[in-house]
>>> print(open('query_18.cif').read())   # mmCIF, N, CA and C atoms
data_my_file
loop_
_atom_site.label_atom_id
_atom_site.label_comp_id
_atom_site.auth_asym_id
_atom_site.auth_seq_id
_atom_site.Cartn_x
_atom_site.Cartn_y
_atom_site.Cartn_z
N MET I 159 -42.93 51.53 56.41
CA MET I 159 -42.79 50.76 55.23
C MET I 159 -43.82 49.65 55.26
N SER I 160 -44.43 49.60 54.17
CA SER I 160 -45.49 48.61 54.10
C SER I 160 -44.93 47.28 53.59
N LEU I 161 -45.77 46.31 53.66
CA LEU I 161 -45.38 44.97 53.24
C LEU I 161 -45.00 44.96 51.75
N THR I 162 -45.66 45.74 51.00
CA THR I 162 -45.37 45.81 49.57
C THR I 162 -44.01 46.46 49.35
N GLY I 163 -43.67 47.45 50.12
CA GLY I 163 -42.37 48.12 50.02
C GLY I 163 -41.24 47.18 50.39
N VAL I 164 -41.45 46.35 51.44
CA VAL I 164 -40.42 45.39 51.87
C VAL I 164 -40.24 44.33 50.79
N ALA I 165 -41.33 43.88 50.20
CA ALA I 165 -41.24 42.87 49.14
C ALA I 165 -40.50 43.44 47.93
N ALA I 166 -40.78 44.72 47.63
CA ALA I 166 -40.10 45.35 46.49
C ALA I 166 -38.62 45.51 46.79
N LEU I 167 -38.28 45.84 48.05
CA LEU I 167 -36.88 45.98 48.43
C LEU I 167 -36.16 44.63 48.35
N VAL I 168 -36.78 43.58 48.85
CA VAL I 168 -36.19 42.24 48.78
C VAL I 168 -36.02 41.81 47.33
N ALA I 169 -36.99 42.09 46.50
CA ALA I 169 -36.90 41.73 45.08
C ALA I 169 -35.79 42.50 44.41
N ALA I 170 -35.66 43.79 44.75
CA ALA I 170 -34.60 44.62 44.15
C ALA I 170 -33.23 44.14 44.59
N LEU I 171 -33.09 43.81 45.88
CA LEU I 171 -31.80 43.29 46.36
C LEU I 171 -31.48 41.92 45.72
N SER I 172 -32.48 41.08 45.62
CA SER I 172 -32.26 39.77 44.99
C SER I 172 -31.84 39.95 43.53
N PHE I 173 -32.52 40.86 42.85
CA PHE I 173 -32.16 41.12 41.46
C PHE I 173 -30.75 41.67 41.35
N ALA I 174 -30.35 42.53 42.25
CA ALA I 174 -29.00 43.11 42.24
C ALA I 174 -27.96 42.02 42.51
N VAL I 175 -28.25 41.12 43.46
CA VAL I 175 -27.31 40.02 43.77
C VAL I 175 -27.20 39.10 42.57
N LEU I 176 -28.35 38.75 41.97
CA LEU I 176 -28.31 37.88 40.78
C LEU I 176 -27.58 38.55 39.62
N ALA I 177 -27.78 39.85 39.44
CA ALA I 177 -27.09 40.58 38.37
C ALA I 177 -25.59 40.61 38.63
N ALA I 178 -25.18 40.83 39.89
CA ALA I 178 -23.76 40.84 40.22
C ALA I 178 -23.16 39.46 40.01
N ALA I 179 -23.87 38.40 40.39
CA ALA I 179 -23.38 37.03 40.18
C ALA I 179 -23.27 36.74 38.69
N GLY I 180 -24.24 37.22 37.92
CA GLY I 180 -24.20 37.03 36.47
C GLY I 180 -23.00 37.72 35.84
N VAL I 181 -22.73 38.96 36.30
CA VAL I 181 -21.57 39.70 35.79
C VAL I 181 -20.28 38.99 36.17
N TYR I 182 -20.19 38.52 37.42
CA TYR I 182 -19.00 37.80 37.88
C TYR I 182 -18.79 36.52 37.05
N LEU I 183 -19.88 35.77 36.85
CA LEU I 183 -19.77 34.54 36.05
C LEU I 183 -19.39 34.84 34.59
N ALA I 184 -19.93 35.94 34.06
CA ALA I 184 -19.59 36.31 32.68
C ALA I 184 -18.11 36.66 32.56
N VAL I 185 -17.57 37.37 33.56
CA VAL I 185 -16.14 37.73 33.53
C VAL I 185 -15.29 36.47 33.63
N ARG I 186 -15.66 35.56 34.54
CA ARG I 186 -14.91 34.29 34.69
C ARG I 186 -14.99 33.46 33.41
N PHE I 187 -16.19 33.41 32.82
CA PHE I 187 -16.37 32.63 31.60
C PHE I 187 -15.53 33.21 30.45
N THR I 188 -15.43 34.54 30.40
CA THR I 188 -14.61 35.20 29.38
C THR I 188 -13.14 34.83 29.57
N ARG I 189 -12.69 34.79 30.83
CA ARG I 189 -11.31 34.40 31.12
C ARG I 189 -11.05 32.95 30.70
N VAL I 190 -12.02 32.07 31.02
CA VAL I 190 -11.87 30.65 30.64
C VAL I 190 -11.82 30.52 29.13
N LEU I 191 -12.68 31.25 28.44
CA LEU I 191 -12.65 31.20 26.96
C LEU I 191 -11.34 31.73 26.41
N GLY I 192 -10.79 32.77 27.02
CA GLY I 192 -9.49 33.31 26.59
C GLY I 192 -8.38 32.29 26.79
N ASP I 193 -8.40 31.62 27.95
CA ASP I 193 -7.39 30.57 28.20
C ASP I 193 -7.54 29.41 27.23
N ALA I 194 -8.79 29.05 26.93
CA ALA I 194 -9.03 27.96 25.98
C ALA I 194 -8.53 28.34 24.58
N ALA I 195 -8.75 29.59 24.19
CA ALA I 195 -8.27 30.05 22.88
C ALA I 195 -6.75 30.02 22.83
N THR I 196 -6.10 30.44 23.91
CA THR I 196 -4.63 30.39 23.97
C THR I 196 -4.14 28.95 23.88
N LEU I 197 -4.80 28.05 24.59
CA LEU I 197 -4.43 26.64 24.56
C LEU I 197 -4.59 26.06 23.15
N VAL I 198 -5.66 26.42 22.47
CA VAL I 198 -5.89 25.94 21.10
C VAL I 198 -4.80 26.47 20.17
N ARG I 199 -4.42 27.76 20.32
CA ARG I 199 -3.36 28.32 19.47
C ARG I 199 -2.04 27.60 19.70
N GLU I 200 -1.70 27.35 20.98
CA GLU I 200 -0.44 26.65 21.29
C GLU I 200 -0.48 25.21 20.78
N THR I 201 -1.62 24.57 20.93
CA THR I 201 -1.76 23.19 20.44
C THR I 201 -1.62 23.15 18.92
N ARG I 202 -2.20 24.13 18.25
CA ARG I 202 -2.09 24.18 16.79
C ARG I 202 -0.63 24.36 16.36
N ALA I 203 0.11 25.21 17.07
CA ALA I 203 1.53 25.41 16.76
C ALA I 203 2.31 24.12 17.00
N ASP I 204 2.00 23.44 18.11
CA ASP I 204 2.68 22.16 18.39
C ASP I 204 2.33 21.12 17.33
N GLN I 205 1.07 21.11 16.89
CA GLN I 205 0.66 20.16 15.86
C GLN I 205 1.41 20.42 14.56
N GLN I 206 1.57 21.67 14.22
CA GLN I 206 2.29 22.00 12.98
C GLN I 206 3.73 21.54 13.07
N ALA I 207 4.37 21.73 14.23
CA ALA I 207 5.74 21.25 14.40
C ALA I 207 5.78 19.73 14.33
N LEU I 208 4.80 19.08 14.94
CA LEU I 208 4.74 17.62 14.90
C LEU I 208 4.53 17.12 13.48
N PHE I 209 3.65 17.76 12.73
CA PHE I 209 3.43 17.37 11.33
C PHE I 209 4.67 17.60 10.49
N ALA I 210 5.40 18.67 10.76
CA ALA I 210 6.64 18.94 10.01
C ALA I 210 7.66 17.82 10.29
N ARG I 211 7.79 17.42 11.57
CA ARG I 211 8.72 16.33 11.89
C ARG I 211 8.26 15.01 11.28
N ALA I 212 6.95 14.76 11.28
CA ALA I 212 6.43 13.53 10.68
C ALA I 212 6.69 13.52 9.17
N ASN I 213 6.50 14.67 8.52
CA ASN I 213 6.76 14.75 7.08
C ASN I 213 8.24 14.52 6.79
N ALA I 214 9.11 15.06 7.63
CA ALA I 214 10.55 14.85 7.44
C ALA I 214 10.89 13.37 7.62
N ALA I 215 10.28 12.71 8.60
CA ALA I 215 10.54 11.28 8.81
C ALA I 215 10.05 10.46 7.62
N VAL I 216 8.90 10.82 7.08
CA VAL I 216 8.37 10.12 5.90
C VAL I 216 9.29 10.34 4.71
N ALA I 217 9.80 11.53 4.55
CA ALA I 217 10.71 11.81 3.44
C ALA I 217 12.00 10.99 3.58
N ARG I 218 12.54 10.89 4.82
CA ARG I 218 13.74 10.07 5.03
C ARG I 218 13.46 8.60 4.75
N ALA I 219 12.31 8.12 5.18
CA ALA I 219 11.95 6.72 4.93
C ALA I 219 11.80 6.46 3.44
N ASP I 220 11.23 7.41 2.72
CA ASP I 220 11.07 7.27 1.28
C ASP I 220 12.43 7.22 0.59
N ALA I 221 13.36 8.07 1.03
CA ALA I 221 14.71 8.06 0.45
C ALA I 221 15.40 6.73 0.73
N GLN I 222 15.22 6.21 1.94
CA GLN I 222 15.83 4.91 2.27
C GLN I 222 15.20 3.79 1.45
N LEU I 223 13.90 3.87 1.21
CA LEU I 223 13.25 2.85 0.38
C LEU I 223 13.78 2.91 -1.06
N ASP I 224 14.02 4.13 -1.56
CA ASP I 224 14.59 4.25 -2.90
C ASP I 224 15.97 3.60 -2.96
N ARG I 225 16.79 3.82 -1.92
CA ARG I 225 18.11 3.19 -1.89
C ARG I 225 17.98 1.68 -1.76
N THR I 226 17.00 1.23 -1.00
CA THR I 226 16.79 -0.21 -0.84
C THR I 226 16.39 -0.84 -2.16
N GLU I 227 15.54 -0.15 -2.92
CA GLU I 227 15.14 -0.66 -4.23
C GLU I 227 16.36 -0.77 -5.15
N ALA I 228 17.24 0.23 -5.11
CA ALA I 228 18.44 0.18 -5.93
C ALA I 228 19.33 -0.99 -5.52
N ALA I 229 19.47 -1.20 -4.21
CA ALA I 229 20.29 -2.32 -3.74
C ALA I 229 19.66 -3.66 -4.11
N THR I 230 18.34 -3.75 -4.03
CA THR I 230 17.65 -4.99 -4.41
C THR I 230 17.85 -5.28 -5.89
N ALA I 231 17.76 -4.25 -6.70
CA ALA I 231 17.98 -4.43 -8.14
C ALA I 231 19.42 -4.89 -8.40
N ALA I 232 20.38 -4.32 -7.68
CA ALA I 232 21.78 -4.71 -7.85
C ALA I 232 21.98 -6.16 -7.43
N VAL I 233 21.33 -6.58 -6.35
CA VAL I 233 21.46 -7.97 -5.91
C VAL I 233 20.82 -8.91 -6.93
N ALA I 234 19.70 -8.50 -7.50
CA ALA I 234 19.06 -9.33 -8.53
C ALA I 234 19.98 -9.47 -9.74
N ASP I 235 20.62 -8.36 -10.15
CA ASP I 235 21.57 -8.44 -11.25
C ASP I 235 22.75 -9.33 -10.90
N LEU I 236 23.20 -9.24 -9.66
CA LEU I 236 24.30 -10.10 -9.22
C LEU I 236 23.89 -11.56 -9.27
N GLY I 237 22.66 -11.86 -8.86
CA GLY I 237 22.18 -13.24 -8.93
C GLY I 237 22.15 -13.75 -10.36
N ASP I 238 21.69 -12.91 -11.28
CA ASP I 238 21.68 -13.30 -12.70
C ASP I 238 23.11 -13.54 -13.19
N SER I 239 24.03 -12.66 -12.80
CA SER I 239 25.43 -12.82 -13.22
C SER I 239 26.02 -14.11 -12.65
N MET I 240 25.69 -14.40 -11.39
CA MET I 240 26.22 -15.62 -10.77
C MET I 240 25.66 -16.86 -11.46
N THR I 241 24.39 -16.83 -11.86
CA THR I 241 23.80 -17.95 -12.58
C THR I 241 24.51 -18.16 -13.91
N GLU I 242 24.76 -17.06 -14.61
CA GLU I 242 25.47 -17.15 -15.88
C GLU I 242 26.89 -17.69 -15.68
N LEU I 243 27.58 -17.21 -14.64
CA LEU I 243 28.93 -17.66 -14.33
C LEU I 243 28.94 -19.15 -13.99
N ALA I 244 27.94 -19.58 -13.23
CA ALA I 244 27.85 -21.01 -12.88
C ALA I 244 27.66 -21.86 -14.13
N GLY I 245 26.86 -21.39 -15.06
CA GLY I 245 26.68 -22.12 -16.31
C GLY I 245 27.97 -22.21 -17.10
N GLN I 246 28.72 -21.11 -17.14
CA GLN I 246 29.99 -21.11 -17.86
C GLN I 246 31.00 -22.02 -17.17
N ALA I 247 31.03 -22.00 -15.83
CA ALA I 247 31.95 -22.87 -15.10
C ALA I 247 31.60 -24.33 -15.31
N SER I 248 30.32 -24.62 -15.36
CA SER I 248 29.88 -26.00 -15.60
C SER I 248 30.32 -26.45 -16.99
N ALA I 249 30.19 -25.57 -17.97
CA ALA I 249 30.64 -25.92 -19.33
C ALA I 249 32.15 -26.14 -19.36
N LEU I 250 32.90 -25.26 -18.66
CA LEU I 250 34.35 -25.42 -18.62
C LEU I 250 34.75 -26.70 -17.88
N ALA I 251 34.00 -27.06 -16.85
CA ALA I 251 34.31 -28.28 -16.12
C ALA I 251 34.12 -29.50 -17.01
N GLY I 252 33.08 -29.46 -17.82
CA GLY I 252 32.87 -30.57 -18.75
C GLY I 252 34.01 -30.69 -19.75
N ILE I 253 34.47 -29.56 -20.25
CA ILE I 253 35.61 -29.57 -21.18
C ILE I 253 36.86 -30.06 -20.45
N GLY I 254 37.05 -29.61 -19.23
CA GLY I 254 38.22 -30.04 -18.45
C GLY I 254 38.20 -31.53 -18.20
N ARG I 255 37.04 -32.08 -17.88
CA ARG I 255 36.95 -33.54 -17.67
C ARG I 255 37.29 -34.29 -18.96
N THR I 256 36.81 -33.77 -20.06
CA THR I 256 37.09 -34.42 -21.33
C THR I 256 38.58 -34.39 -21.63
N VAL I 257 39.21 -33.23 -21.45
CA VAL I 257 40.65 -33.11 -21.70
C VAL I 257 41.43 -33.97 -20.73
N ALA I 258 41.07 -33.94 -19.45
CA ALA I 258 41.78 -34.74 -18.46
C ALA I 258 41.61 -36.22 -18.74
N GLY I 259 40.42 -36.61 -19.13
CA GLY I 259 40.20 -38.02 -19.46
C GLY I 259 41.03 -38.44 -20.65
N ALA I 260 41.18 -37.56 -21.62
CA ALA I 260 41.98 -37.89 -22.80
C ALA I 260 43.45 -37.98 -22.44
N VAL I 261 43.92 -37.08 -21.54
CA VAL I 261 45.34 -37.07 -21.18
C VAL I 261 45.66 -38.23 -20.26
N VAL I 262 44.88 -38.41 -19.18
CA VAL I 262 45.18 -39.44 -18.19
C VAL I 262 44.90 -40.83 -18.76
N GLY I 263 43.79 -40.97 -19.47
CA GLY I 263 43.43 -42.28 -20.00
C GLY I 263 44.16 -42.60 -21.30
N GLY I 264 44.75 -41.62 -21.92
CA GLY I 264 45.41 -41.83 -23.20
C GLY I 264 46.85 -42.30 -23.02
N PRO I 265 47.58 -42.38 -24.11
CA PRO I 265 48.95 -42.87 -24.08
C PRO I 265 49.89 -41.98 -23.26
N LEU I 266 49.67 -40.69 -23.25
CA LEU I 266 50.53 -39.79 -22.48
C LEU I 266 50.36 -40.05 -20.98
N GLY I 267 49.12 -40.27 -20.53
CA GLY I 267 48.86 -40.56 -19.13
C GLY I 267 49.46 -41.89 -18.73
N ARG I 268 49.36 -42.87 -19.59
CA ARG I 268 49.93 -44.19 -19.28
C ARG I 268 51.45 -44.10 -19.19
N ALA I 269 52.08 -43.34 -20.08
CA ALA I 269 53.53 -43.19 -20.05
C ALA I 269 53.96 -42.49 -18.77
N ALA I 270 53.22 -41.48 -18.33
CA ALA I 270 53.55 -40.78 -17.09
C ALA I 270 53.42 -41.71 -15.90
N ALA I 271 52.39 -42.58 -15.91
CA ALA I 271 52.20 -43.51 -14.80
C ALA I 271 53.33 -44.52 -14.74
N VAL I 272 53.78 -44.99 -15.90
CA VAL I 272 54.89 -45.96 -15.94
C VAL I 272 56.17 -45.29 -15.45
N ALA I 273 56.42 -44.04 -15.88
CA ALA I 273 57.62 -43.33 -15.46
C ALA I 273 57.61 -43.10 -13.95
N TYR I 274 56.46 -42.76 -13.38
CA TYR I 274 56.35 -42.57 -11.93
C TYR I 274 56.61 -43.89 -11.21
N GLY I 275 56.02 -44.97 -11.71
CA GLY I 275 56.21 -46.28 -11.07
C GLY I 275 57.66 -46.70 -11.08
N VAL I 276 58.34 -46.51 -12.21
CA VAL I 276 59.75 -46.90 -12.30
C VAL I 276 60.58 -46.04 -11.36
N ARG I 277 60.34 -44.74 -11.33
CA ARG I 277 61.10 -43.85 -10.45
C ARG I 277 60.86 -44.21 -8.99
N HIS I 278 59.66 -44.54 -8.62
CA HIS I 278 59.34 -44.92 -7.25
C HIS I 278 60.01 -46.24 -6.88
N ALA I 279 60.01 -47.21 -7.80
CA ALA I 279 60.64 -48.50 -7.52
C ALA I 279 62.13 -48.34 -7.35
N VAL I 280 62.76 -47.53 -8.18
CA VAL I 280 64.20 -47.30 -8.06
C VAL I 280 64.49 -46.61 -6.74
N GLY I 281 63.65 -45.66 -6.34
CA GLY I 281 63.84 -44.98 -5.07
C GLY I 281 63.70 -45.94 -3.89
N LEU I 282 62.80 -46.91 -3.99
CA LEU I 282 62.65 -47.89 -2.92
C LEU I 282 63.88 -48.78 -2.82
N ARG I 283 64.45 -49.16 -3.97
CA ARG I 283 65.65 -50.01 -3.97
C ARG I 283 66.83 -49.28 -3.36
N ARG I 284 66.96 -48.04 -3.67
CA ARG I 284 68.09 -47.27 -3.15
C ARG I 284 67.87 -46.86 -1.70
N GLY I 285 66.61 -46.85 -1.24
CA GLY I 285 66.30 -46.47 0.13
C GLY I 285 66.05 -44.99 0.30
N SER I 286 65.93 -44.25 -0.76
CA SER I 286 65.69 -42.82 -0.66
C SER I 286 64.20 -42.52 -0.49
N VAL I 287 63.34 -43.47 -0.78
CA VAL I 287 61.90 -43.30 -0.62
C VAL I 287 61.43 -44.27 0.45
N PRO I 288 60.76 -43.83 1.48
CA PRO I 288 60.31 -44.76 2.53
C PRO I 288 59.22 -45.67 2.01
N ARG I 289 59.17 -46.89 2.54
CA ARG I 289 58.14 -47.85 2.14
C ARG I 289 56.79 -47.41 2.70
N ALA I 290 55.77 -47.81 2.04
CA ALA I 290 54.42 -47.47 2.49
C ALA I 290 54.14 -48.21 3.80
N GLY I 291 53.63 -47.51 4.81
CA GLY I 291 53.32 -48.12 6.09
C GLY I 291 54.50 -48.14 7.04
N ALA I 292 55.68 -47.79 6.58
CA ALA I 292 56.85 -47.79 7.46
C ALA I 292 56.85 -46.53 8.29
N LEU I 293 57.26 -46.64 9.55
CA LEU I 293 57.33 -45.48 10.42
C LEU I 293 58.61 -44.71 10.15
N PRO I 294 58.57 -43.41 10.22
CA PRO I 294 59.79 -42.62 9.99
C PRO I 294 60.76 -42.86 11.13
N ALA I 295 62.06 -42.82 10.77
CA ALA I 295 63.13 -43.04 11.77
C ALA I 295 63.15 -41.88 12.75
N ARG I 296 63.38 -42.21 14.06
CA ARG I 296 63.45 -41.17 15.10
C ARG I 296 64.87 -40.63 15.17
N SER I 297 64.96 -39.35 15.46
CA SER I 297 66.29 -38.73 15.55
C SER I 297 66.72 -38.62 16.96
#
>>> encode(input="query_18.cif", output="structure tokens")
Amino acid sequence: MSLTGVAALVAALSFAVLAAAGVYLAVRFTRVLGDAATLVRETRADQQALFARANAAVARADAQLDRTEAATAAVADLGDSMTELAGQASALAGIGRTVAGAVVGGPLGRAAAVAYGVRHAVGLRRGSVPRAGALPARS
């Protein structure tokens, strides 16, 4: 075997080793790509489930906001009703003060005060009404 034959044999063996390594790497790379594709499919399925749950949560929050708006509107109406009621009560209080002032300050009020005074004085004389500032009797 000549030097040229040995060089050709070494080149052929090197080429065969490189070709075998290339085939091995191609098979491994195909497996890695298959695993990556499987991972992407599973991730996509998980994302869809996650998006479905997120959409359901948003729908629940929207429904709760609608109920909150209804409750806020009801409270606003209640506030308006309370303001109106307060105005009516204020008007009635003014009328009540006027009527009470007319009754108490008028002749009927004076007659009632005199009748109470006379009844109280008679009770003091008889001893059935305790004097003001007197301590109650101990038993």
>>> atom_distance(input="query_18.cif", atom1="CA of Thr256 in chain I", atom2="atom N of Gly275 in chain I")
23.7 Å
>>> closest_atom_pairs(input="query_18.cif", of="range 217-286 of chain I", to="range 199-213 of chain I", cutoff="8 Å", atoms="all atoms listed in the file", output="JSON lines")
{"residue": "I:Ala217", "atom": "N", "partner": "I:Asn213", "partner_atom": "C", "distance": 4.0}
{"residue": "I:Arg218", "atom": "N", "partner": "I:Asn213", "partner_atom": "C", "distance": 6.0}
{"residue": "I:Ala219", "atom": "N", "partner": "I:Asn213", "partner_atom": "C", "distance": 7.8}
>>> atom_distance(input="query_18.cif", atom1="CA of Ala165 in chain I", atom2="CA of Gly180 in chain I")
22.0 Å
>>> atom_distance(input="query_18.cif", atom1="atom C of Arg189 in chain I", atom2="atom C of Ala169 in chain I")
29.9 Å
>>> axis_aligned_box(input="query_18.cif", around="range 159-162 of chain I", padding_each_side="3 Å", output="lines of an AutoDock Vina configuration file")
center_x = -44.3
center_y = 48.2
center_z = 52.9
size_x = 9.0
size_y = 12.6
size_z = 13.1
